[in-house]
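Source file: entry34.cif; contents: mmCIF, C-alpha atoms.
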```cif
data_work
loop_
_atom_site.label_atom_id
_atom_site.label_comp_id
_atom_site.auth_asym_id
_atom_site.auth_seq_id
_atom_site.Cartn_x
_atom_site.Cartn_y
_atom_site.Cartn_z
CA MET G 1 169.44 59.94 168.02
CA PRO G 2 169.59 62.15 171.08
CA GLU G 3 172.57 62.85 173.31
CA LEU G 4 171.26 60.41 175.88
CA LEU G 5 173.74 57.84 174.59
CA ASN G 6 176.78 60.02 175.28
CA ASP G 7 177.36 58.99 178.86
CA LEU G 8 176.53 55.32 178.41
CA PRO G 9 179.31 52.74 178.46
CA ILE G 10 178.72 51.45 174.93
CA SER G 11 181.33 51.26 172.21
CA ASN G 12 182.10 54.30 170.07
CA ASN G 13 181.23 52.31 166.95
CA ILE G 14 177.66 51.91 168.19
CA LYS G 15 177.42 55.54 169.27
CA SER G 16 178.68 56.92 165.98
CA ALA G 17 176.35 54.66 163.99
CA LEU G 18 173.32 55.71 166.05
CA GLN G 19 174.15 59.39 166.46
CA GLU G 20 176.06 60.43 163.38
CA ALA G 21 175.24 57.67 160.89
CA GLU G 22 178.95 57.01 160.56
CA GLY G 23 181.48 54.30 161.21
CA PRO G 24 181.71 50.59 160.42
CA LEU G 25 178.34 49.68 161.96
CA ASP G 26 176.37 52.34 160.13
CA LYS G 27 175.75 50.31 156.99
CA LEU G 28 174.46 47.37 159.01
CA LEU G 29 172.13 49.71 160.90
CA MET G 30 170.86 51.23 157.64
CA PHE G 31 170.30 47.73 156.33
CA VAL G 32 168.15 46.53 159.25
CA ARG G 33 166.08 49.71 159.09
CA THR G 34 165.46 49.53 155.34
CA HIS G 35 164.98 45.76 155.30
CA GLU G 36 161.81 45.95 157.38
CA ARG G 37 160.36 48.24 154.72
CA GLY G 38 161.15 45.62 152.12
CA SER G 39 163.77 47.80 150.49
CA LEU G 40 166.83 46.44 148.75
CA THR G 41 168.67 49.72 148.40
CA ILE G 42 171.24 48.88 151.06
CA MET G 43 172.60 45.36 151.31
CA PRO G 44 175.34 44.08 153.63
CA ASN G 45 178.44 43.50 151.54
CA SER G 46 178.94 39.80 151.76
CA SER G 47 175.55 38.37 152.75
CA SER G 48 173.46 36.75 150.05
CA VAL G 49 169.70 37.18 149.83
CA PRO G 50 169.03 33.59 151.02
CA ASP G 51 171.33 34.25 154.04
CA ILE G 52 169.35 37.38 154.84
CA ASN G 53 166.00 35.59 154.45
CA GLN G 54 167.20 32.87 156.78
CA ALA G 55 168.40 35.46 159.31
CA PHE G 56 165.06 37.29 159.06
CA VAL G 57 162.91 34.19 159.59
CA THR G 58 165.07 32.89 162.44
CA ALA G 59 165.14 36.33 164.11
CA THR G 60 161.36 36.68 163.78
CA ASP G 61 160.82 33.27 165.33
CA TRP G 62 163.33 34.02 168.08
CA ALA G 63 161.66 37.37 168.88
CA ALA G 64 158.23 35.72 169.17
CA THR G 65 159.59 32.99 171.48
CA THR G 66 161.48 35.58 173.53
CA LEU G 67 158.40 37.76 174.00
CA GLU G 68 156.41 34.73 175.11
CA THR G 69 159.13 33.76 177.57
CA ILE G 70 159.39 37.16 179.25
CA ASN G 71 155.66 37.83 179.41
CA MET S 1 168.59 27.02 148.79
CA TYR S 2 165.87 27.11 146.14
CA PRO S 3 165.55 24.63 143.30
CA ASP S 4 165.78 27.52 140.85
CA SER S 5 168.57 30.05 141.35
CA SER S 6 166.42 32.98 140.20
CA ALA S 7 164.54 32.69 143.48
CA ASP S 8 167.81 33.39 145.29
CA SER S 9 167.34 37.07 144.59
CA ILE S 10 163.91 37.40 146.21
CA LEU S 11 164.15 39.19 149.55
CA LEU S 12 161.54 38.35 152.17
CA ALA S 13 160.28 40.97 154.62
CA ARG S 14 157.09 41.83 156.46
CA GLN S 15 155.27 44.99 157.47
CA PRO S 16 152.79 45.32 160.31
CA ILE S 17 149.25 46.65 159.80
CA PHE S 18 147.45 48.17 162.79
CA ASP S 19 143.80 48.80 163.54
CA ASN S 20 142.25 51.86 165.19
CA ASP S 21 143.35 50.73 168.65
CA LEU S 22 146.90 50.27 167.39
CA SER S 23 146.52 46.53 167.85
CA LEU S 24 148.28 44.39 165.31
CA PHE S 25 145.80 43.40 162.59
CA ALA S 26 148.02 41.61 160.07
CA TYR S 27 151.45 41.39 158.55
CA GLU S 28 151.99 41.95 154.88
CA LEU S 29 154.63 39.64 153.49
CA LEU S 30 156.87 41.35 150.97
CA PHE S 31 158.78 39.58 148.25
CA ARG S 32 161.22 41.97 146.66
CA ASN S 33 163.36 41.15 143.72
CA ASN S 34 167.02 42.06 143.91
CA HIS S 35 167.61 42.35 140.16
CA VAL S 36 170.96 44.01 140.77
CA ASN S 37 172.51 40.68 141.65
CA GLN S 38 170.78 38.86 138.87
CA ALA S 39 173.06 37.64 136.11
CA ASN S 40 170.40 37.05 133.45
CA ILE S 41 167.84 39.77 133.91
CA GLU S 42 166.36 39.01 130.50
CA GLU S 43 165.36 35.54 131.51
CA PHE S 44 164.06 36.49 134.88
CA ASP S 45 160.47 35.52 135.53
CA ASP S 46 159.16 37.50 138.46
CA ASP S 47 156.02 35.45 139.02
CA HIS S 48 157.90 32.20 138.82
CA ALA S 49 160.55 33.28 141.31
CA THR S 50 157.99 34.83 143.65
CA SER S 51 155.93 31.68 143.56
CA GLN S 52 159.00 29.67 144.61
CA VAL S 53 159.74 31.92 147.55
CA ILE S 54 156.09 31.92 148.63
CA ASN S 55 156.17 28.13 148.53
CA HIS S 56 159.41 28.02 150.42
CA THR S 57 158.13 30.45 153.04
CA PHE S 58 154.94 28.52 153.58
CA LEU S 59 156.23 24.99 153.32
CA GLU S 60 159.79 25.00 154.59
CA PHE S 61 160.24 27.98 156.88
CA GLY S 62 156.79 27.44 158.30
CA ILE S 63 154.59 30.46 157.89
CA ASN S 64 153.67 30.48 161.57
CA ARG S 65 157.21 31.42 162.37
CA VAL S 66 156.89 34.57 160.32
CA LEU S 67 153.31 35.51 161.10
CA GLY S 68 152.44 34.15 164.49
CA ASP S 69 148.66 33.98 164.74
CA LYS S 70 148.04 37.11 162.68
CA HIS S 71 146.46 37.53 159.29
CA ASP S 72 148.80 37.59 156.37
CA VAL S 73 148.56 39.85 153.35
CA LEU S 74 150.01 38.57 150.10
CA ASP S 75 150.38 40.32 146.77
CA VAL S 76 149.07 38.44 143.79
CA THR S 77 149.69 39.15 140.13
CA ARG S 78 147.55 38.21 137.14
CA ALA S 79 149.47 34.95 136.68
CA PHE S 80 148.38 33.85 140.15
CA LEU S 81 144.81 34.92 139.53
CA ALA S 82 144.75 33.04 136.24
CA GLY S 83 145.77 29.92 138.13
CA GLU S 84 149.19 29.55 136.49
CA PHE S 85 150.76 29.17 139.92
CA PRO S 86 149.00 27.31 142.66
CA LEU S 87 148.48 29.14 145.95
CA PRO S 88 150.21 26.93 148.51
CA PHE S 89 147.99 27.77 151.45
CA LYS S 90 144.49 27.62 152.77
CA SER S 91 142.18 30.59 152.70
CA LYS S 92 141.90 31.05 156.43
CA ASP S 93 143.64 34.18 157.71
CA ILE S 94 145.04 35.03 154.30
CA VAL S 95 144.38 38.36 152.65
CA LEU S 96 145.08 38.37 148.93
CA GLU S 97 146.12 41.72 147.61
CA ILE S 98 145.18 42.52 144.02
CA LEU S 99 147.94 44.69 142.59
CA GLU S 100 147.05 48.02 141.07
CA ASP S 101 148.66 47.29 137.71
CA ILE S 102 146.34 44.38 136.99
CA GLU S 103 144.00 45.47 134.25
CA ILE S 104 140.43 44.91 135.37
CA ASP S 105 138.56 42.67 132.95
CA ASP S 106 136.00 39.89 133.17
CA GLU S 107 138.66 37.21 133.71
CA VAL S 108 140.14 39.07 136.69
CA ILE S 109 136.75 39.85 138.24
CA LYS S 110 135.71 36.21 137.91
CA ALA S 111 138.96 34.95 139.46
CA VAL S 112 138.74 37.39 142.38
CA LYS S 113 135.09 36.43 143.01
CA GLU S 114 136.06 32.77 143.13
CA LEU S 115 138.88 33.42 145.60
CA SER S 116 136.50 35.45 147.74
CA GLU S 117 134.02 32.58 147.73
CA GLN S 118 136.81 30.22 148.83
CA GLY S 119 137.14 32.37 151.91
CA PHE S 120 140.11 34.58 151.11
CA THR S 121 139.93 38.17 152.25
CA ILE S 122 140.42 40.42 149.23
CA ALA S 123 142.38 43.67 149.32
CA LEU S 124 142.90 46.13 146.48
CA ASP S 125 146.38 47.62 146.43
CA ASP S 126 147.31 51.28 145.75
CA PHE S 127 143.73 51.90 144.85
CA ILE S 128 142.42 54.86 142.87
CA TYR S 129 138.69 54.82 142.21
CA HIS S 130 137.14 54.87 138.76
CA GLU S 131 133.88 53.45 137.41
CA ASN S 132 135.55 50.35 135.87
CA SER S 133 136.82 49.29 139.27
CA LYS S 134 133.36 49.16 140.87
CA PRO S 135 132.86 45.39 140.31
CA LEU S 136 136.14 44.75 142.15
CA VAL S 137 135.24 47.11 144.99
CA ASP S 138 132.00 45.15 145.38
CA VAL S 139 134.00 41.97 146.04
CA ALA S 140 136.79 43.58 148.10
CA ASN S 141 137.02 43.54 151.88
CA ILE S 142 139.93 45.95 152.24
CA ILE S 143 140.93 48.92 150.09
CA LYS S 144 144.47 50.20 150.38
CA ILE S 145 145.20 53.82 149.65
CA VAL S 146 148.65 55.35 149.43
CA LEU S 147 148.44 58.84 150.90
CA LEU S 148 150.93 60.47 148.59
CA THR S 149 149.14 59.43 145.41
CA LEU S 150 146.15 61.68 146.17
CA SER S 151 145.67 65.37 146.89
CA GLU S 152 144.09 66.31 150.20
CA GLN S 153 140.69 66.82 148.53
CA GLY S 154 141.17 63.62 146.50
CA LEU S 155 141.71 61.72 149.71
CA ILE S 156 138.53 63.12 151.27
CA ASP S 157 136.54 62.28 148.10
CA HIS S 158 137.88 58.72 148.07
CA VAL S 159 136.92 58.16 151.67
CA ASP S 160 133.41 59.52 150.95
CA ILE S 161 132.89 57.23 147.94
CA LEU S 162 134.43 54.09 149.43
CA LYS S 163 132.67 54.40 152.77
CA GLN S 164 129.45 53.58 150.88
CA PHE S 165 130.80 50.08 150.26
CA ASP S 166 131.22 47.34 152.84
CA VAL S 167 135.01 47.69 152.99
CA LYS S 168 137.73 48.56 155.44
CA LEU S 169 139.95 51.46 154.37
CA LEU S 170 143.65 50.95 154.84
CA ALA S 171 146.13 53.83 154.72
CA GLU S 172 149.48 52.72 153.36
CA LYS S 173 152.97 54.15 153.82
CA ILE S 174 152.15 55.85 157.11
CA ASP S 175 155.52 57.08 158.27
CA THR S 176 154.66 59.65 160.90
CA ASP S 177 152.27 59.95 163.80
CA ALA S 178 150.77 63.07 162.15
CA GLN S 179 149.79 61.03 159.07
CA TYR S 180 148.29 58.35 161.29
CA GLN S 181 146.19 60.93 163.18
CA GLN S 182 145.07 62.57 159.92
CA CYS S 183 143.89 59.25 158.42
CA LYS S 184 142.17 58.24 161.60
CA GLN S 185 140.19 61.48 161.55
CA LEU S 186 139.25 60.98 157.91
CA GLY S 187 137.71 57.62 158.82
CA PHE S 188 140.31 55.02 157.88
CA ASP S 189 140.22 51.65 159.67
CA LEU S 190 143.71 50.23 159.17
CA TYR S 191 147.22 51.66 159.02
CA GLN S 192 150.36 50.21 157.48
CA GLY S 193 153.81 51.63 157.96
CA TYR S 194 156.57 52.27 160.40
CA PHE S 195 155.12 55.39 162.04
CA PHE S 196 155.35 53.65 165.42
CA CYS S 197 159.13 53.44 165.08
CA LYS S 198 159.48 57.20 164.84
CA PRO S 199 159.43 59.37 167.92
CA THR S 200 156.37 61.61 168.01
CA ILE S 201 158.09 64.47 169.78
CA ILE S 202 161.68 65.40 169.23
CA ASP S 203 162.97 67.68 171.92
CA ASP S 204 165.55 67.95 174.63
CA GLU S 205 163.36 67.00 177.54
CA PRO S 206 165.26 64.89 180.02
CA LEU S 207 164.39 61.21 180.15
CA PRO S 208 162.28 60.00 183.04
CA ASP S 209 164.58 58.54 185.70
CA ASN S 210 163.39 54.95 185.41
CA LYS S 211 163.97 54.90 181.65
CA ALA S 212 167.40 56.49 181.94
CA ALA S 213 168.26 53.92 184.61
CA ALA S 214 167.15 51.05 182.37
CA LEU S 215 169.38 52.30 179.53
CA GLN S 216 172.30 52.65 181.94
CA ILE S 217 171.85 49.10 183.22
CA ILE S 218 171.61 47.65 179.70
CA SER S 219 174.73 49.49 178.62
CA GLU S 220 176.68 48.27 181.64
CA LEU S 221 175.47 44.71 181.11
CA GLN S 222 176.66 44.58 177.51
CA ARG S 223 180.28 45.48 178.32
CA PRO S 224 182.69 42.74 177.22
CA ASN S 225 184.31 40.61 179.93
CA ILE S 226 181.79 41.59 182.58
CA SER S 227 182.04 39.39 185.69
CA PHE S 228 179.22 37.52 187.38
CA THR S 229 179.43 39.75 190.46
CA GLU S 230 179.04 42.83 188.28
CA VAL S 231 176.00 41.36 186.51
CA GLU S 232 174.48 40.40 189.85
CA ASN S 233 175.02 43.88 191.28
CA LEU S 234 173.53 45.56 188.23
CA VAL S 235 170.41 43.39 188.29
CA LYS S 236 169.99 43.97 192.02
CA GLN S 237 169.82 47.74 191.45
CA ASP S 238 166.37 47.27 189.96
CA THR S 239 164.06 45.15 192.07
CA SER S 240 161.56 44.77 189.26
CA LEU S 241 164.30 43.52 186.93
CA SER S 242 165.57 41.03 189.55
CA TYR S 243 162.09 39.71 190.11
CA LYS S 244 161.18 39.42 186.42
CA LEU S 245 164.51 37.82 185.52
CA LEU S 246 164.19 35.10 188.18
CA ARG S 247 160.56 34.50 187.28
CA CYS S 248 161.54 34.15 183.63
CA LEU S 249 164.47 31.79 184.35
CA ASN S 250 162.15 29.62 186.42
CA SER S 251 159.56 29.46 183.63
CA ALA S 252 158.85 26.32 181.67
CA ALA S 253 160.87 27.69 178.73
CA PHE S 254 164.14 26.99 180.56
CA ALA S 255 163.15 23.65 182.09
CA LEU S 256 165.65 23.95 184.92
CA PRO S 257 165.92 20.78 187.05
CA LYS S 258 164.91 22.74 190.15
CA HIS S 259 163.52 26.10 191.15
CA VAL S 260 166.26 28.74 191.52
CA ASN S 261 166.08 31.53 194.08
CA SER S 262 169.13 33.52 193.07
CA LEU S 263 171.16 34.44 190.02
CA LYS S 264 174.07 32.50 191.53
CA GLN S 265 172.02 29.30 191.32
CA ALA S 266 170.75 30.16 187.83
CA VAL S 267 174.22 30.82 186.45
CA PHE S 268 175.21 27.28 187.44
CA TYR S 269 172.63 25.87 185.01
CA LEU S 270 172.57 28.45 182.24
CA GLY S 271 175.96 30.17 182.22
CA LEU S 272 176.77 33.86 182.50
CA ASP S 273 176.17 34.79 178.86
CA ALA S 274 172.60 33.52 178.88
CA ILE S 275 171.77 35.28 182.15
CA ARG S 276 173.26 38.49 180.84
CA SER S 277 171.31 38.32 177.54
CA TRP S 278 168.02 37.75 179.32
CA ALA S 279 168.72 40.56 181.77
CA ILE S 280 169.32 42.92 178.82
CA ILE S 281 166.12 41.88 177.06
CA ILE S 282 163.98 42.12 180.20
CA ALA S 283 165.42 45.51 181.15
CA PHE S 284 164.72 46.72 177.62
CA SER S 285 161.18 45.36 177.60
CA SER S 286 160.25 46.97 180.89
CA VAL S 287 160.17 50.40 179.36
CA GLU S 288 156.54 51.19 178.74
CA SER S 289 155.35 52.69 175.52
CA PRO S 290 151.88 52.95 173.95
CA ILE S 291 152.67 50.43 171.25
CA SER S 292 155.57 48.73 172.94
CA GLY S 293 154.44 45.31 171.77
CA ALA S 294 155.09 46.06 168.10
CA LEU S 295 158.03 48.30 168.84
CA LEU S 296 159.68 45.77 171.12
CA ASN S 297 159.13 43.03 168.57
CA THR S 298 160.72 45.20 165.87
CA ALA S 299 163.68 46.08 168.11
CA LEU S 300 164.31 42.42 168.96
CA ILE S 301 164.16 41.36 165.31
CA ARG S 302 166.53 44.14 164.28
CA ALA S 303 168.92 43.13 167.06
CA LYS S 304 168.92 39.46 166.12
CA ILE S 305 169.32 40.06 162.37
CA ALA S 306 172.19 42.43 163.12
CA GLU S 307 173.74 39.76 165.36
CA PHE S 308 173.48 37.13 162.61
CA LEU S 309 174.98 39.43 160.00
CA ALA S 310 177.82 40.65 162.22
CA GLU S 311 180.44 38.29 160.90
CA PRO S 312 180.19 39.24 157.22
CA VAL S 313 180.64 42.90 158.14
CA ASP S 314 183.50 42.10 160.49
CA CYS S 315 181.90 43.27 163.73
CA GLU S 316 181.40 41.64 167.11
CA PRO S 317 177.95 39.99 167.36
CA GLU S 318 177.42 41.40 170.89
CA ASN S 319 177.99 44.88 169.51
CA THR S 320 175.63 44.50 166.60
CA PHE S 321 172.89 43.00 168.80
CA ILE S 322 172.94 46.11 170.99
CA LEU S 323 173.07 48.32 167.90
CA GLY S 324 169.85 46.76 166.59
CA LEU S 325 168.19 46.96 169.99
CA PHE S 326 169.09 50.63 170.50
CA SER S 327 168.20 51.61 166.95
CA SER S 328 164.60 52.21 167.99
CA VAL S 329 165.47 53.70 171.34
CA ASP S 330 164.38 57.24 170.50
CA ALA S 331 160.83 56.03 169.80
CA PHE S 332 160.84 53.83 172.87
CA PHE S 333 161.84 56.52 175.28
CA ASN S 334 159.42 59.03 173.93
#
```
Spell out the structure here as structure tokens.
Amino acid sequence: MPELLNDLPISNNIKSALQEAEGPLDKLLMFVRTHERGSLTIMPNSSSVPDINQAFVTATDWAATTLETIN
Amino acid sequence: MYPDSSADSILLARQPIFDNDLSLFAYELLFRNNHVNQANIEEFDDDHATSQVINHTFLEFGINRVLGDKHDVLDVTRAFLAGEFPLPFKSKDIVLEILEDIEIDDEVIKAVKELSEQGFTIALDDFIYHENSKPLVDVANIIKIVLLTLSEQGLIDHVDILKQFDVKLLAEKIDTDAQYQQCKQLGFDLYQGYFFCKPTIIDDEPLPDNKAAALQIISELQRPNISFTEVENLVKQDTSLSYKLLRCLNSAAFALPKHVNSLKQAVFYLGLDAIRSWAIIIAFSSVESPISGALLNTALIRAKIAEFLAEPVDCEPENTFILGLFSSVDAFFN
């Protein structure tokens, strides 16, 4: 992730996850990236697979509705 | 959630497949088994559990929510082919993928022919050509090839042989733009992978002004405790954003009791948080990119999943939403 984030007013947790792959948000970021490849190597600590499936389906539905709304 | 707890370890995901114009051709639904969390691995029946999740996905979640109007690609094992588990869907728009570890015999060929006659599109997964597989190739519509399983010459030979059949060639596990270009030149028709999420050029070139400005506005908008006046001023900085946001808020999706002409009027009906979220999404979507449709969709899904899973990891949902959104930003701003 390039330096373009440096001057933006976003929290340091987000910056360090995106730029250095560090900090409390990093594992969540790794999870969303690997999940779309169908990988189970990184799982959020306390979310069960059915919770994740539910989040995935709801998010997919929400994204489709959102894209329709803004287009 | 499922009648049988073994299905609780099947993770659902999907991967996009693109055609030569980089238009979305289909999604492949993935059902991955998280054996790690499985107490009784010995007793685990993969096909049984997968069949439950497929049923659940199709019947309860509603497959349209996962696939939209696109084709769907589903893996099938021998047990499915042999009819042990019913396929809970109609043939239209469904591609059945015959897994590479299924031994090709008369029973399999007969089953695949029947499914093809019912109208299913047939794909062969991780395919490597040999004489025995010819009867299946004759029935198949799509042949999937994993780049890394073949040498460069092997790949060229496969394309030469398979192009003689009436099939579409699909290149799997395409992770970079270079791989996509290479396969396109060789004569492939379809491409599966997340190459579109990776930036094609990595360098220190400055961002174009409009894109840098969009990122700045999004970052300002997501600050906690932002006031209405601040949101209003940020949106006003970008006339296109102001226009699109008001047009969106006046759309049928919001069903406002009357047409609104300003954010001040809109905030009365929808509240500041909603206005702010939509401003962020519209600002993000305005950044053009060759395949921004798929990329934007991916970014939004990442953001929303991260928002949902914020609590278990002890983070603020607003933070994790932005994290997911920005996770693809290097590809977006390419």
Give as JSON, numbers by chain the set of residues within 9 Å of the point (163.4, 35.8, 156.8), where distances use the file's coordinates and only C-alpha atoms.
{"G": [50, 51, 52, 53, 54, 55, 56, 57, 58, 59, 60], "S": [11, 12, 13, 14, 57, 61, 66]}
Would you kindly return, as a ChimeraX atom specification, each protein, DNA or RNA residue with an atom no farther than 8 Å from any atom of stretch 239-255 of chain S, considering all atoms listed in the file and excluding same-chain residues fewer than 4 positions away?
/G:69-70 /S:235,259-263,266,278-279,282-283
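Evaluated on this file, the PyMOL selection byres ((chain S) within 6 of (chain G)) matches Asp8, Ser9, Leu11, Leu12, Ala13, Arg65, Ser219, Cys248, Leu300, Ile301, Arg302, Lys304, Ile305, Pro312 and Leu323 of chain S.
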Smallest atom-to-atom distance to S:Gln216: which of S:Ile156, S:Glu131, S:Phe284, S:Ile122, using all atoms listed in the file?
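The shortest atom-to-atom distance to S:Gln216 comes from S:Phe284.
Atom CA of S:Ser285 to atom CA of S:Leu272 spans 20.0 Å [interatomic distance, one decimal].
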I'd like the interatomic distance between atom CA of S:Val231 and atom CA of S:Asn297, to a tenth of an Å.
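Atom CA of S:Asn297 lies at a distance of 24.7 Å from atom CA of S:Val231.
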For this structure, which residues satisfy the selection - the PyMOL selection byres ((chain S and resi 193) around 6) - when it is evaluated on the file as given? I want them as a PDB file with C-alpha atoms, in the coordinates of the input.
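Generated output (expr.pdb):
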```pdb
ATOM      1  CA  LYS S 173     152.970  54.150 153.820  1.00  0.00           C
ATOM      2  CA  ILE S 174     152.150  55.850 157.110  1.00  0.00           C
ATOM      3  CA  ASP S 175     155.520  57.080 158.270  1.00  0.00           C
ATOM      4  CA  GLN S 192     150.360  50.210 157.480  1.00  0.00           C
ATOM      5  CA  TYR S 194     156.570  52.270 160.400  1.00  0.00           C
ATOM      6  CA  PHE S 195     155.120  55.390 162.040  1.00  0.00           C
TER       7      PHE S 195
END
```
Once you count all atoms listed in the file, which residues end up no further than 12 Å from (140.7, 37.6, 143.7) in the file's frame, shown as a ChimeraX atom specification?
/S:74-83,87,91,94-99,102,104,106-125,135-142
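Going from atom CA of S:Gln181 over to atom CA of S:Leu30, you cover 25.4 Å.
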Contacts of stretch 306-308 of chain S within 6 Å, all atoms listed in the file, excl. fewer than 5 positions in-chain, as a PyMOL selection string
chain S and resi 317+320-321
Matched chain/residue IDs from the PyMOL selection byres ((chain S and resi 146) around 6), as a PyMOL selection string:
chain S and resi 126+145+147-149+172
Centre and edge lengths of an axis-aligned box around all listed atoms of stretch 30-40 of chain G, with 5 Å added on each side, are to be given in Å to one decimal, as JSON.
```
{"center_x": 165.6, "center_y": 48.4, "center_z": 154.0, "size_x": 20.5, "size_y": 15.6, "size_z": 20.5}
```
Just need stretch 249-291 of chain S in a file, please: C-alpha atoms, as a CSV table (one decimal), in the first residue's frame.
```
chain,number,residue,atom,x,y,z
S,249,LEU,CA,-31.2,10.2,-2.1
S,250,ASN,CA,-34.2,11.2,-4.3
S,251,SER,CA,-34.3,7.8,-6.0
S,252,ALA,CA,-37.0,5.3,-5.4
S,253,ALA,CA,-34.8,3.3,-3.1
S,254,PHE,CA,-35.2,5.8,-0.3
S,255,ALA,CA,-38.9,6.5,-0.9
S,256,LEU,CA,-38.7,10.0,0.7
S,257,PRO,CA,-42.1,11.6,1.2
S,258,LYS,CA,-41.0,14.6,-1.0
S,259,HIS,CA,-38.2,15.6,-3.3
S,260,VAL,CA,-35.2,17.1,-1.5
S,261,ASN,CA,-33.1,19.8,-2.9
S,262,SER,CA,-30.4,20.0,-0.3
S,263,LEU,CA,-28.5,17.8,2.2
S,264,LYS,CA,-30.2,19.8,5.0
S,265,GLN,CA,-33.6,18.6,3.9
S,266,ALA,CA,-32.3,15.0,3.3
S,267,VAL,CA,-30.7,14.8,6.8
S,268,PHE,CA,-34.2,15.5,8.3
S,269,TYR,CA,-35.5,12.3,6.8
S,270,LEU,CA,-32.5,10.0,6.8
S,271,GLY,CA,-30.2,11.2,9.6
S,272,LEU,CA,-26.6,12.2,9.4
S,273,ASP,CA,-25.1,8.7,9.6
S,274,ALA,CA,-27.0,7.5,6.5
S,275,ILE,CA,-26.1,10.7,4.5
S,276,ARG,CA,-22.4,10.3,5.5
S,277,SER,CA,-22.3,6.6,4.5
S,278,TRP,CA,-23.8,7.2,1.1
S,279,ALA,CA,-21.5,10.2,0.5
S,280,ILE,CA,-18.5,7.9,1.2
S,281,ILE,CA,-19.8,5.1,-1.1
S,282,ILE,CA,-20.6,7.5,-4.0
S,283,ALA,CA,-17.2,9.3,-3.6
S,284,PHE,CA,-15.5,5.9,-3.7
S,285,SER,CA,-17.5,4.7,-6.7
S,286,SER,CA,-16.7,7.8,-8.8
S,287,VAL,CA,-13.2,6.8,-9.3
S,288,GLU,CA,-13.0,5.3,-12.7
S,289,SER,CA,-11.1,2.1,-13.4
S,290,PRO,CA,-11.2,-0.4,-16.3
S,291,ILE,CA,-13.0,-3.0,-14.3
```
